[in-house]
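As stored in protein31.txt (compact mmCIF, C-alpha atoms):
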```
# COMPACT_ATOMS: atom_id res chain seq x y z
CA MET A 266 -33.89 39.44 27.69
CA THR A 267 -37.01 38.11 25.95
CA GLY A 268 -35.28 38.35 22.58
CA LEU A 269 -32.22 36.50 23.89
CA LEU A 270 -34.35 33.73 25.40
CA THR A 271 -36.21 33.37 22.09
CA ARG A 272 -32.95 32.98 20.18
CA LEU A 273 -31.78 30.39 22.69
CA GLY A 274 -35.07 28.45 22.54
CA LEU A 275 -35.99 29.15 26.18
CA HIS A 276 -38.72 31.78 25.80
CA ARG A 277 -41.50 29.98 27.70
CA PRO A 278 -41.50 28.71 31.31
CA GLU A 279 -42.18 25.11 30.35
CA LEU A 280 -39.24 25.14 27.90
CA ARG A 281 -36.88 26.42 30.58
CA ALA A 282 -38.18 23.87 33.09
CA TRP A 283 -37.77 21.05 30.56
CA ALA A 284 -34.21 22.08 29.68
CA LEU A 285 -33.33 22.34 33.36
CA TYR A 286 -33.68 18.56 33.70
CA ASP A 287 -30.57 18.31 31.50
CA PHE A 288 -28.90 20.64 34.02
CA ALA A 289 -29.95 18.20 36.75
CA ASN A 290 -29.08 14.79 35.31
CA SER A 291 -25.90 15.76 33.45
CA THR A 292 -24.05 15.68 36.76
CA PHE A 293 -24.45 11.91 36.65
CA GLN A 294 -23.02 11.89 33.13
CA THR A 295 -19.96 13.93 34.14
CA THR A 296 -19.09 12.83 37.67
CA ILE A 297 -20.29 9.21 37.61
CA ILE A 298 -20.05 8.06 33.99
CA ALA A 299 -17.24 10.16 32.57
CA ALA A 300 -14.84 11.53 35.16
CA VAL A 301 -14.65 10.75 38.88
CA PHE A 302 -16.24 7.31 39.33
CA PRO A 303 -14.28 5.47 36.58
CA ILE A 304 -10.98 6.61 38.11
CA TYR A 305 -12.14 5.81 41.66
CA PHE A 306 -13.27 2.38 40.49
CA GLN A 307 -9.95 1.53 38.89
CA ARG A 308 -7.74 2.87 41.69
CA VAL A 309 -9.80 2.14 44.82
CA ALA A 310 -12.77 -0.19 44.28
CA ALA A 311 -10.71 -2.46 42.00
CA ALA A 312 -7.46 -2.00 43.94
CA GLY A 313 -5.04 -4.86 43.30
CA MET A 314 -6.77 -5.82 40.04
CA PRO A 315 -4.74 -5.49 36.80
CA ALA A 316 -5.64 -2.23 35.01
CA SER A 317 -6.76 -3.97 31.83
CA GLU A 318 -9.04 -6.30 33.82
CA ALA A 319 -10.59 -3.35 35.68
CA THR A 320 -11.24 -1.62 32.34
CA SER A 321 -12.81 -4.77 30.96
CA ARG A 322 -15.14 -5.29 33.95
CA PHE A 323 -16.15 -1.62 33.93
CA ALA A 324 -16.99 -1.86 30.22
CA TRP A 325 -19.08 -5.02 30.74
CA ALA A 326 -21.02 -3.32 33.54
CA THR A 327 -21.77 -0.45 31.16
CA THR A 328 -23.00 -2.93 28.56
CA ILE A 329 -25.29 -4.71 31.05
CA ALA A 330 -26.87 -1.44 32.20
CA ILE A 331 -27.54 -0.34 28.63
CA CYS A 332 -29.13 -3.69 27.74
CA ILE A 333 -31.51 -3.51 30.73
CA VAL A 334 -32.80 -0.09 29.67
CA ALA A 335 -32.99 -1.06 26.02
CA VAL A 336 -35.25 -4.02 26.86
CA ALA A 337 -37.48 -2.18 29.35
CA ALA A 338 -37.85 1.21 27.63
CA PRO A 339 -40.19 0.23 24.75
CA VAL A 340 -42.69 -1.46 27.07
CA LEU A 341 -42.67 1.46 29.50
CA GLY A 342 -42.88 3.92 26.62
CA ALA A 343 -45.99 2.23 25.25
CA LEU A 344 -47.48 2.25 28.74
CA ALA A 345 -46.76 5.98 29.12
CA ASP A 346 -48.58 6.76 25.86
CA THR A 347 -51.71 4.88 26.88
CA ARG A 348 -51.95 6.50 30.33
CA ARG A 349 -50.78 9.79 31.82
CA LEU A 350 -47.49 8.31 33.01
CA LYS A 351 -44.66 10.19 31.33
CA LYS A 352 -43.78 12.32 34.35
CA PRO A 353 -44.53 9.61 36.96
CA LEU A 354 -42.27 7.11 35.19
CA LEU A 355 -39.60 9.77 34.83
CA GLY A 356 -39.86 10.26 38.60
CA VAL A 357 -39.52 6.52 39.27
CA PHE A 358 -36.32 6.26 37.26
CA LEU A 359 -35.03 9.47 38.83
CA ALA A 360 -35.53 7.93 42.29
CA ILE A 361 -33.75 4.72 41.24
CA GLY A 362 -30.77 6.56 39.78
CA ALA A 363 -30.40 9.15 42.53
CA GLY A 364 -30.77 6.47 45.23
CA ALA A 365 -27.99 4.36 43.72
CA THR A 366 -25.78 7.43 43.44
CA LEU A 367 -26.25 8.34 47.10
CA ALA A 368 -25.43 4.74 48.07
CA MET A 369 -22.05 5.01 46.30
CA TYR A 370 -20.74 6.77 49.40
CA GLY A 371 -20.36 3.32 50.95
CA ILE A 372 -17.93 2.00 48.31
CA GLY A 373 -14.51 1.31 49.83
CA GLU A 374 -11.24 -0.28 48.77
CA GLY A 375 -11.76 -3.61 47.05
CA ASP A 376 -15.56 -3.20 46.83
CA TRP A 377 -15.60 -3.63 43.06
CA LYS A 378 -18.74 -5.81 43.06
CA LEU A 379 -20.73 -3.24 45.06
CA ALA A 380 -19.33 -0.46 42.89
CA LEU A 381 -20.38 -2.10 39.63
CA THR A 382 -23.82 -3.07 41.00
CA LEU A 383 -24.58 0.52 42.02
CA PHE A 384 -23.12 1.79 38.74
CA ILE A 385 -25.47 -0.46 36.77
CA ILE A 386 -28.52 0.61 38.83
CA GLY A 387 -27.59 4.29 38.49
CA ASN A 388 -27.18 3.95 34.73
CA VAL A 389 -30.58 2.27 34.46
CA GLY A 390 -32.09 5.17 36.42
CA VAL A 391 -30.60 7.98 34.36
CA ALA A 392 -31.13 6.30 30.99
CA GLY A 393 -34.73 5.36 31.80
CA SER A 394 -35.56 8.86 32.98
CA ILE A 395 -34.14 10.39 29.79
CA VAL A 396 -36.51 8.28 27.64
CA PHE A 397 -39.52 9.99 29.24
CA TYR A 398 -37.81 13.36 29.49
CA GLU A 399 -37.15 13.40 25.74
CA SER A 400 -40.67 12.19 24.96
CA LEU A 401 -42.03 15.41 26.48
CA LEU A 402 -40.20 17.59 23.91
CA PRO A 403 -42.71 17.36 21.02
CA HIS A 404 -45.51 18.31 23.41
CA ILE A 405 -43.94 21.61 24.46
CA ALA A 406 -41.94 22.68 21.36
CA HIS A 407 -43.26 23.04 17.85
CA GLY A 408 -41.84 23.24 14.33
CA LYS A 409 -38.51 25.01 14.05
CA GLU A 410 -38.42 25.58 17.82
CA MET A 411 -37.30 22.01 18.33
CA ASP A 412 -33.70 22.38 17.10
CA ARG A 413 -33.04 25.34 19.40
CA VAL A 414 -34.86 23.87 22.41
CA SER A 415 -33.05 20.55 22.04
CA THR A 416 -29.62 22.17 21.72
CA ALA A 417 -30.47 24.52 24.62
CA GLY A 418 -31.12 21.46 26.80
CA TYR A 419 -27.72 20.03 25.95
CA ALA A 420 -26.02 23.41 26.52
CA ILE A 421 -27.62 23.83 29.95
CA GLY A 422 -26.72 20.23 30.70
CA TYR A 423 -23.08 20.96 29.98
CA LEU A 424 -23.28 23.94 32.32
CA GLY A 425 -24.81 21.93 35.18
CA GLY A 426 -22.45 19.01 34.73
CA GLY A 427 -19.50 21.35 34.52
CA ILE A 428 -20.36 23.41 37.61
CA LEU A 429 -20.73 20.39 39.89
CA LEU A 430 -17.70 18.64 38.36
CA ALA A 431 -15.62 21.76 39.06
CA LEU A 432 -16.85 21.77 42.67
CA ASN A 433 -16.08 18.07 43.02
CA LEU A 434 -12.63 18.51 41.50
CA ALA A 435 -11.85 21.27 44.03
CA MET A 436 -13.17 19.06 46.82
CA ILE A 437 -10.97 16.12 45.77
CA GLN A 438 -7.82 18.21 45.34
CA GLN A 439 -8.30 20.31 48.47
CA PRO A 440 -10.43 18.24 50.90
CA ALA A 441 -9.34 20.31 53.91
CA TRP A 442 -11.10 23.37 52.46
CA PHE A 443 -14.38 21.48 52.81
CA GLY A 444 -13.67 19.95 56.21
CA LEU A 445 -13.02 16.48 54.74
CA ALA A 446 -10.36 14.05 55.90
CA ASP A 447 -8.75 13.16 52.58
CA ALA A 448 -9.28 12.83 48.83
CA GLY A 449 -10.90 9.41 49.20
CA VAL A 450 -13.64 10.74 51.46
CA ALA A 451 -14.02 13.78 49.19
CA THR A 452 -14.50 11.50 46.19
CA ARG A 453 -17.25 9.55 47.95
CA VAL A 454 -18.92 12.81 49.03
CA SER A 455 -18.86 13.92 45.38
CA PHE A 456 -21.10 10.94 44.55
CA VAL A 457 -23.58 12.16 47.17
CA THR A 458 -23.60 15.68 45.70
CA VAL A 459 -24.66 14.20 42.35
CA GLY A 460 -27.77 12.57 43.85
CA ILE A 461 -28.77 15.74 45.72
CA TRP A 462 -28.18 18.01 42.70
CA TRP A 463 -30.12 15.66 40.42
CA VAL A 464 -33.21 15.66 42.64
CA LEU A 465 -33.07 19.39 43.45
CA PHE A 466 -32.94 20.69 39.89
CA SER A 467 -35.52 18.21 38.58
CA TYR A 468 -38.26 19.91 40.57
CA PRO A 469 -39.09 22.63 37.96
CA LEU A 470 -39.91 20.01 35.33
CA PHE A 471 -42.48 18.33 37.57
CA ARG A 472 -43.96 21.72 38.46
CA ARG A 473 -43.95 23.56 35.12
CA VAL A 474 -44.10 20.95 32.33
CA PRO A 475 -47.66 19.63 31.88
CA GLU A 476 -48.35 15.92 31.58
CA PRO A 477 -49.46 15.42 27.94
CA ALA A 478 -53.02 14.34 27.31
CA VAL A 479 -53.65 10.76 26.21
CA VAL A 480 -55.27 10.07 22.86
CA ALA A 481 -58.24 7.80 23.56
CA HIS A 482 -57.88 5.80 20.34
CA LEU A 483 -54.39 5.32 18.93
CA PRO A 484 -54.15 4.98 15.15
CA GLY A 485 -53.52 1.44 14.07
CA ASN A 486 -54.57 -0.06 17.38
CA GLY A 487 -57.59 -1.78 15.94
CA HIS A 488 -59.43 -1.80 19.27
CA ALA A 489 -61.34 1.41 19.86
CA GLY A 490 -61.67 2.32 23.49
CA GLU A 491 -59.34 -0.45 24.62
CA THR A 492 -57.09 1.93 26.51
CA ALA A 493 -59.99 3.62 28.28
CA GLU A 494 -61.37 0.27 29.39
CA ALA A 495 -58.05 -1.02 30.68
CA SER A 496 -58.34 0.29 34.20
CA GLY A 497 -61.55 -1.67 34.65
CA ARG A 498 -60.17 -4.90 33.23
CA GLY A 499 -57.17 -5.76 35.36
CA GLY A 500 -55.45 -2.45 36.02
CA LEU A 501 -51.69 -2.29 35.53
CA THR A 502 -51.32 -5.92 34.43
CA TRP A 503 -53.86 -5.39 31.68
CA MET A 504 -52.13 -2.15 30.65
CA ILE A 505 -48.77 -3.94 30.38
CA ALA A 506 -50.35 -6.62 28.17
CA ILE A 507 -51.77 -3.88 25.93
CA SER A 508 -48.39 -2.18 25.90
CA PHE A 509 -46.62 -5.29 24.61
CA ARG A 510 -49.21 -5.69 21.85
CA GLN A 511 -48.97 -2.00 21.06
CA LEU A 512 -45.21 -2.34 20.59
CA GLY A 513 -45.79 -4.55 17.58
CA VAL A 514 -48.22 -2.00 16.20
CA THR A 515 -45.72 0.79 16.84
CA PHE A 516 -42.92 -1.03 15.05
CA ARG A 517 -45.15 -1.62 12.03
CA GLU A 518 -46.13 2.05 12.06
CA LEU A 519 -42.53 3.17 12.43
CA ARG A 520 -41.66 1.28 9.27
CA LYS A 521 -44.10 3.57 7.43
CA TYR A 522 -41.99 6.58 8.48
CA ARG A 523 -39.06 5.62 6.27
CA GLN A 524 -37.02 8.77 6.86
CA ALA A 525 -37.35 8.53 10.65
CA LEU A 526 -36.38 4.85 10.54
CA LEU A 527 -33.37 5.62 8.32
CA LEU A 528 -32.29 8.31 10.78
CA LEU A 529 -32.58 5.79 13.62
CA LEU A 530 -30.29 3.37 11.80
CA ALA A 531 -27.73 6.11 11.14
CA PHE A 532 -27.98 7.29 14.73
CA PHE A 533 -27.51 3.72 15.97
CA LEU A 534 -24.16 3.58 14.21
CA TYR A 535 -22.57 6.94 14.88
CA ASN A 536 -23.93 7.27 18.41
CA ASP A 537 -22.13 4.04 19.29
CA GLY A 538 -18.89 5.90 18.77
CA ILE A 539 -20.07 8.98 20.68
CA GLN A 540 -21.30 7.03 23.70
CA THR A 541 -18.15 4.92 23.83
CA ILE A 542 -15.94 8.02 23.83
CA ILE A 543 -18.02 9.53 26.66
CA ARG A 544 -17.99 6.40 28.80
CA MET A 545 -14.47 5.11 28.24
CA ALA A 546 -12.37 8.28 27.95
CA ALA A 547 -11.40 8.64 31.62
CA ILE A 548 -10.67 4.99 32.34
CA TYR A 549 -8.75 4.70 29.04
CA GLY A 550 -6.74 7.81 29.91
CA ALA A 551 -5.96 6.40 33.34
CA GLU A 552 -4.82 3.14 31.78
CA VAL A 553 -2.34 4.86 29.44
CA GLY A 554 -0.89 6.78 32.39
CA ILE A 555 -2.49 10.24 32.39
CA ASP A 556 -2.68 11.89 35.81
CA GLN A 557 -6.07 11.99 37.59
CA SER A 558 -6.11 15.78 37.86
CA ALA A 559 -5.38 16.11 34.15
CA LEU A 560 -8.15 13.64 33.31
CA ILE A 561 -10.81 15.40 35.37
CA GLY A 562 -9.62 18.84 34.30
CA ALA A 563 -9.85 17.88 30.62
CA LEU A 564 -13.34 16.43 31.07
CA LEU A 565 -14.30 19.64 32.85
CA LEU A 566 -13.10 21.51 29.78
CA VAL A 567 -15.55 19.51 27.66
CA GLN A 568 -18.45 20.81 29.74
CA PHE A 569 -17.66 24.50 29.48
CA VAL A 570 -16.66 24.36 25.81
CA GLY A 571 -19.89 22.46 25.18
CA VAL A 572 -22.14 25.26 26.51
CA PRO A 573 -21.56 27.89 23.80
CA CYS A 574 -20.88 25.29 21.11
CA SER A 575 -24.22 23.52 21.68
CA PHE A 576 -26.02 26.85 21.30
CA ALA A 577 -23.88 27.53 18.22
CA PHE A 578 -24.92 24.22 16.64
CA GLY A 579 -28.56 25.20 17.13
CA ALA A 580 -27.91 28.47 15.30
CA LEU A 581 -25.88 26.69 12.61
CA ALA A 582 -28.79 24.34 11.95
CA GLY A 583 -30.90 27.40 11.14
CA TYR A 584 -28.52 28.21 8.27
CA ILE A 585 -27.40 24.88 6.80
CA GLY A 586 -29.98 22.53 8.34
CA PRO A 587 -29.63 20.00 11.16
CA LYS A 588 -28.49 17.14 8.91
CA HIS A 589 -25.51 18.98 7.46
CA SER A 590 -24.59 20.30 10.91
CA VAL A 591 -24.51 16.73 12.29
CA MET A 592 -22.42 15.60 9.30
CA LEU A 593 -19.77 18.20 10.17
CA GLY A 594 -19.72 16.96 13.76
CA LEU A 595 -19.25 13.35 12.66
CA LEU A 596 -16.35 14.24 10.39
CA ALA A 597 -14.70 15.93 13.36
CA TYR A 598 -15.13 12.75 15.42
CA VAL A 599 -13.19 10.71 12.87
CA GLY A 600 -10.27 13.11 13.23
CA ILE A 601 -10.55 12.96 17.02
CA LEU A 602 -10.30 9.17 17.02
CA LEU A 603 -7.24 9.17 14.78
CA PHE A 604 -5.55 11.62 17.16
CA THR A 605 -6.62 9.60 20.23
CA TYR A 606 -4.87 6.49 18.94
CA HIS A 607 -1.52 8.25 19.28
CA MET A 608 -2.28 10.04 22.58
CA THR A 609 0.32 9.67 25.36
CA GLN A 610 0.52 13.06 27.10
CA ALA A 611 -1.80 15.20 29.22
CA TRP A 612 -1.80 18.17 26.81
CA GLU A 613 -3.04 15.85 24.06
CA PHE A 614 -5.92 14.76 26.27
CA TYR A 615 -6.81 18.43 26.83
CA ALA A 616 -6.75 19.08 23.07
CA LEU A 617 -9.03 16.12 22.46
CA ALA A 618 -11.38 17.24 25.24
CA GLY A 619 -11.71 20.67 23.65
CA ALA A 620 -12.45 19.16 20.25
CA VAL A 621 -15.08 16.81 21.70
CA GLY A 622 -16.69 19.71 23.55
CA VAL A 623 -17.13 21.59 20.28
CA VAL A 624 -19.13 18.86 18.53
CA GLN A 625 -20.58 16.49 21.13
CA GLY A 626 -23.66 18.34 22.42
CA GLY A 627 -24.73 19.80 19.09
CA THR A 628 -24.41 16.49 17.26
CA GLN A 629 -26.57 14.62 19.76
CA ALA A 630 -29.08 17.43 20.25
CA LEU A 631 -29.73 17.91 16.54
CA SER A 632 -30.11 14.15 16.07
CA ARG A 633 -32.81 14.25 18.76
CA SER A 634 -34.62 17.25 17.27
CA MET A 635 -34.54 15.76 13.76
CA PHE A 636 -36.19 12.61 15.05
CA VAL A 637 -38.76 14.63 17.01
CA SER A 638 -39.75 16.49 13.85
CA MET A 639 -40.38 13.23 11.97
CA ILE A 640 -42.68 11.41 14.44
CA PRO A 641 -46.37 11.84 15.38
CA ARG A 642 -46.67 13.72 18.68
CA HIS A 643 -49.43 11.56 20.19
CA LYS A 644 -47.12 8.53 20.18
CA SER A 645 -44.01 10.33 21.37
CA SER A 646 -43.16 8.00 24.29
CA GLU A 647 -43.46 4.86 22.18
CA PHE A 648 -41.46 6.27 19.30
CA PHE A 649 -38.92 7.79 21.69
CA ALA A 650 -38.66 4.43 23.43
CA PHE A 651 -37.53 3.02 20.09
CA PHE A 652 -35.17 5.99 19.80
CA GLY A 653 -33.96 5.10 23.30
CA VAL A 654 -33.45 1.46 22.28
CA PHE A 655 -31.34 2.51 19.32
CA GLU A 656 -29.55 5.10 21.45
CA ARG A 657 -28.82 2.66 24.30
CA TYR A 658 -27.94 -0.32 22.11
CA ALA A 659 -25.70 2.08 20.20
CA GLY A 660 -23.71 2.28 23.42
CA VAL A 661 -23.39 -1.50 23.75
CA LEU A 662 -21.07 -2.38 20.88
CA GLY A 663 -18.31 0.10 21.65
CA PRO A 664 -17.92 -0.74 25.35
CA ALA A 665 -18.19 -4.43 24.47
CA ILE A 666 -15.33 -4.03 22.00
CA PHE A 667 -13.33 -2.26 24.68
CA ALA A 668 -14.10 -5.07 27.11
CA VAL A 669 -12.84 -7.69 24.68
CA MET A 670 -9.82 -5.72 23.49
CA ALA A 671 -8.87 -4.63 27.01
CA GLY A 672 -9.10 -8.24 28.12
CA LEU A 673 -6.59 -9.05 25.39
CA GLY A 674 -4.39 -6.20 26.55
CA THR A 675 -4.83 -4.00 23.46
CA SER A 676 -7.26 -1.20 24.48
CA ARG A 677 -5.54 1.31 22.18
CA THR A 678 -6.42 -0.72 19.10
CA ALA A 679 -10.12 -0.57 20.06
CA ILE A 680 -10.04 3.19 19.35
CA LEU A 681 -9.65 2.56 15.63
CA THR A 682 -12.55 0.09 15.57
CA LEU A 683 -14.93 3.01 16.29
CA ILE A 684 -14.15 4.84 13.04
CA PRO A 685 -16.30 2.54 10.82
CA PHE A 686 -19.33 3.35 12.99
CA PHE A 687 -18.98 7.06 12.22
CA VAL A 688 -18.35 6.48 8.51
CA ALA A 689 -21.29 4.10 8.07
CA GLY A 690 -23.52 6.43 10.10
CA MET A 691 -22.63 9.36 7.86
CA LEU A 692 -23.42 7.36 4.73
CA LEU A 693 -26.89 6.48 6.03
CA LEU A 694 -27.54 9.99 7.35
CA TRP A 695 -26.74 11.43 3.93
CA ARG A 696 -29.71 9.49 2.53
CA VAL A 697 -32.19 10.93 5.07
CA ASP A 698 -34.62 13.46 3.57
CA VAL A 699 -35.57 15.51 6.64
CA GLU A 700 -38.26 17.62 4.96
CA LYS A 701 -39.95 14.55 3.51
CA GLY A 702 -39.88 12.90 6.94
CA GLN A 703 -41.51 15.97 8.48
CA ARG A 704 -44.28 15.91 5.88
CA GLU A 705 -44.91 12.23 6.62
CA ALA A 706 -45.27 12.99 10.33
CA VAL A 707 -47.77 15.79 9.69
CA GLN A 708 -49.83 13.64 7.34
```
Take the structure from the file and write it as structure tokens.
Amino acid sequence: MTGLLTRLGLHRPELRAWALYDFANSTFQTTIIAAVFPIYFQRVAAAGMPASEATSRFAWATTIAICIVAVAAPVLGALADTRRLKKPLLGVFLAIGAGATLAMYGIGEGDWKLALTLFIIGNVGVAGSIVFYESLLPHIAHGKEMDRVSTAGYAIGYLGGGILLALNLAMIQQPAWFGLADAGVATRVSFVTVGIWWVLFSYPLFRRVPEPAVVAHLPGNGHAGETAEASGRGGLTWMIAISFRQLGVTFRELRKYRQALLLLLAFFLYNDGIQTIIRMAAIYGAEVGIDQSALIGALLLVQFVGVPCSFAFGALAGYIGPKHSVMLGLLAYVGILLFTYHMTQAWEFYALAGAVGVVQGGTQALSRSMFVSMIPRHKSSEFFAFFGVFERYAGVLGPAIFAVMAGLGTSRTAILTLIPFFVAGMLLLWRVDVEKGQREAVQ
């Protein structure tokens, strides 16, 4: 068992506890972002609204949520690096997201404004918590461990998201088995299960993963002891002022890490396509006429295919390197988009779901671990906040395109507009020298 855990990247308690947070929050990704909520929004909360208009409003809500996190994350990340606040801030965003998810039980027919408001708040909660969750990785994993630990987190996340999505699917299709009145009530109860699951399985991280120590004097700050003196010179307000100033320092320092910055630019481009596929697949499928059960079943397939394939990508990176492994995943995405453009039947949606499950987790996990290996550990929250900005803004352009194109009545055409993001991302990624970036971080 010890040997198996080592190969999977889960050989220490803190690594398992860290990865389990993916198991916890991925239920929001599957049930709320990808599968159940988008369909419920279009067919119940936005009842009577034209399908293309519902798709457009849903996409704009996604864009707003991403922008809020992208603006707030760098400031909070700088704050977390100057005080012992990584886990507390993670907890704050967890509470925001889980609270909004529990409140979704109250969404009824025609309540599209309430639905989108809670959806935005929930997205802010989950995205904000992930910034601080990911910033803990370089403090608990070292060297070549990072690829396997990162992919293990994604694999376990797929498992958690898949298990609860399967339960929710059974509850929606057979509400009487669970003592529920109908599928509508079952759907609203499924939102509640996400909030409970998220909180319950987050507990090991807060118990087992230590809060990283704060470096008293951050390189490049220019003001020795400033952080230590902050609590006596205005408390939180003073810390926020320092954090804003430190952001400028961080950006200037990040420019010195050319390979990490180049990776961020590549990630910004290709992750736009990935995030858009995740967020818009179900509502797009519903718009082109695919049955709800087929949509949820196909998205469930993604989760369970993603478990072994995420682990497999971690192993593959050990042979051909993380960069080449990501390149293979991106090439697969181009083929997936070309196939999606012509999709009209349920079996095609299942085929696409299986293909996405093969490459999605590994591609994102290895991007994360590559970045981790090319940044200084003592500034992980700040640098990961920038990673979060690029990651979240990467999810703005695609949904915005869908919002515009859906408003014009041509959602299908928007699929093809994602291909240039993958191609341009691959071209930039090809120029990244991972080993050189790692040496820069060490120096």
Surrounding residues of segment 553-564 of chain A excluding itself and chain neighbours under 6 positions, 7 Å, all atoms listed in the file, as an MDAnalysis selection string: chainID A and resid 300:301 547 609:611 614:615 618
Would you work out the distance separating atom CA of Gly373 of chain A from atom CA of Ala431 of chain A, expressed in Å to one decimal?
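About the pair atom CA of Gly373 of chain A and atom CA of Ala431 of chain A: they are 23.1 Å apart.
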Polymer residues at most 7 Å from Leu470 of chain A, only C-alpha atoms, same-chain spacing of 2 or more positions, as a PDB file with C-alpha atoms, in the frame of the given file:
```
ATOM      1  CA  ALA A 282     -38.180  23.870  33.090  1.00  0.00           C
ATOM      2  CA  TRP A 283     -37.770  21.050  30.560  1.00  0.00           C
ATOM      3  CA  TYR A 286     -33.680  18.560  33.700  1.00  0.00           C
ATOM      4  CA  SER A 467     -35.520  18.210  38.580  1.00  0.00           C
ATOM      5  CA  TYR A 468     -38.260  19.910  40.570  1.00  0.00           C
ATOM      6  CA  ARG A 472     -43.960  21.720  38.460  1.00  0.00           C
ATOM      7  CA  ARG A 473     -43.950  23.560  35.120  1.00  0.00           C
ATOM      8  CA  VAL A 474     -44.100  20.950  32.330  1.00  0.00           C
TER       9      VAL A 474
END
```
With distances taken over all atoms listed in the file, the candidate from A:Glu518, A:Glu705, A:Glu613, A:Glu476 nearest Leu354 of chain A is A:Glu476
Practice item. Between A:Ala330, A:Met436, A:Leu529, A:Leu430, single out the one closest to Ala392 of chain A, counting all atoms listed in the file. Key: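 With all atoms listed in the file as the atom set, the closest residue is A:Ala330.
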Correct to one decimal, the distance atom CA of Ala441 of chain A-atom CA of Gln294 of chain A is 26.3 Å
Nearest residue to Gly579 of chain A out of A:Arg413, A:Arg523, A:His276, A:Arg308, using all atoms listed in the file?
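The closest residue to Gly579 of chain A is A:Arg413.
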Next on the checklist: Nearest residue to Tyr598 of chain A out of A:Val570, A:Ile680, A:Ala630, A:Ala525, using only C-alpha atoms?
Outcome noted: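 Selected residue with least distance to Tyr598 of chain A: A:Ile680.
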Would you work out the distance separating atom CA of Ala546 of chain A from atom CA of Ala324 of chain A, expressed in Å to one decimal?
->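 Distance between the two atoms: 11.4 Å.
Remark: for Thr541 of chain A, the closest of the candidate residues A:Leu275, A:Ala311, A:Gly390, A:Ile666 is A:Ile666 (distances computed over only C-alpha atoms).
Considering the residues A:Pro641, A:Phe578, A:Asn290, A:Gln307 and counting only C-alpha atoms, Gln708 of chain A has its shortest atom-to-atom contact with A:Pro641.
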Residue neighbourhood segment 269-274 of chain A, 7 Å, all atoms listed in the file, exclusion window fewer than 5 positions, as a PyMOL selection string: chain A and resi 410+413-414+417+576
Generate the coordinates of N, CA and C atoms for segment 370-382 of chain A; report them as a CSV table (one decimal), keeping the file's coordinate frame.
```csv
chain,number,residue,atom,x,y,z
A,370,TYR,N,-21.6,6.3,48.3
A,370,TYR,CA,-20.7,6.8,49.4
A,370,TYR,C,-20.1,5.6,50.2
A,371,GLY,N,-20.8,4.5,50.2
A,371,GLY,CA,-20.4,3.3,51.0
A,371,GLY,C,-19.3,2.5,50.2
A,372,ILE,N,-18.9,2.8,49.0
A,372,ILE,CA,-17.9,2.0,48.3
A,372,ILE,C,-16.5,2.2,48.9
A,373,GLY,N,-15.9,1.2,49.3
A,373,GLY,CA,-14.5,1.3,49.8
A,373,GLY,C,-13.5,0.5,49.0
A,374,GLU,N,-12.3,0.4,49.5
A,374,GLU,CA,-11.2,-0.3,48.8
A,374,GLU,C,-11.6,-1.8,48.6
A,375,GLY,N,-11.5,-2.2,47.4
A,375,GLY,CA,-11.8,-3.6,47.0
A,375,GLY,C,-13.2,-3.9,46.8
A,376,ASP,N,-14.1,-3.0,47.0
A,376,ASP,CA,-15.6,-3.2,46.8
A,376,ASP,C,-16.0,-3.1,45.4
A,377,TRP,N,-15.3,-3.8,44.5
A,377,TRP,CA,-15.6,-3.6,43.1
A,377,TRP,C,-17.0,-4.2,42.7
A,378,LYS,N,-17.4,-5.2,43.4
A,378,LYS,CA,-18.7,-5.8,43.1
A,378,LYS,C,-19.9,-4.8,43.4
A,379,LEU,N,-19.8,-4.2,44.6
A,379,LEU,CA,-20.7,-3.2,45.1
A,379,LEU,C,-20.7,-2.0,44.1
A,380,ALA,N,-19.5,-1.6,43.8
A,380,ALA,CA,-19.3,-0.5,42.9
A,380,ALA,C,-20.0,-0.7,41.5
A,381,LEU,N,-19.8,-1.8,40.9
A,381,LEU,CA,-20.4,-2.1,39.6
A,381,LEU,C,-21.9,-2.3,39.7
A,382,THR,N,-22.4,-2.9,40.8
A,382,THR,CA,-23.8,-3.1,41.0
A,382,THR,C,-24.5,-1.7,41.1
```
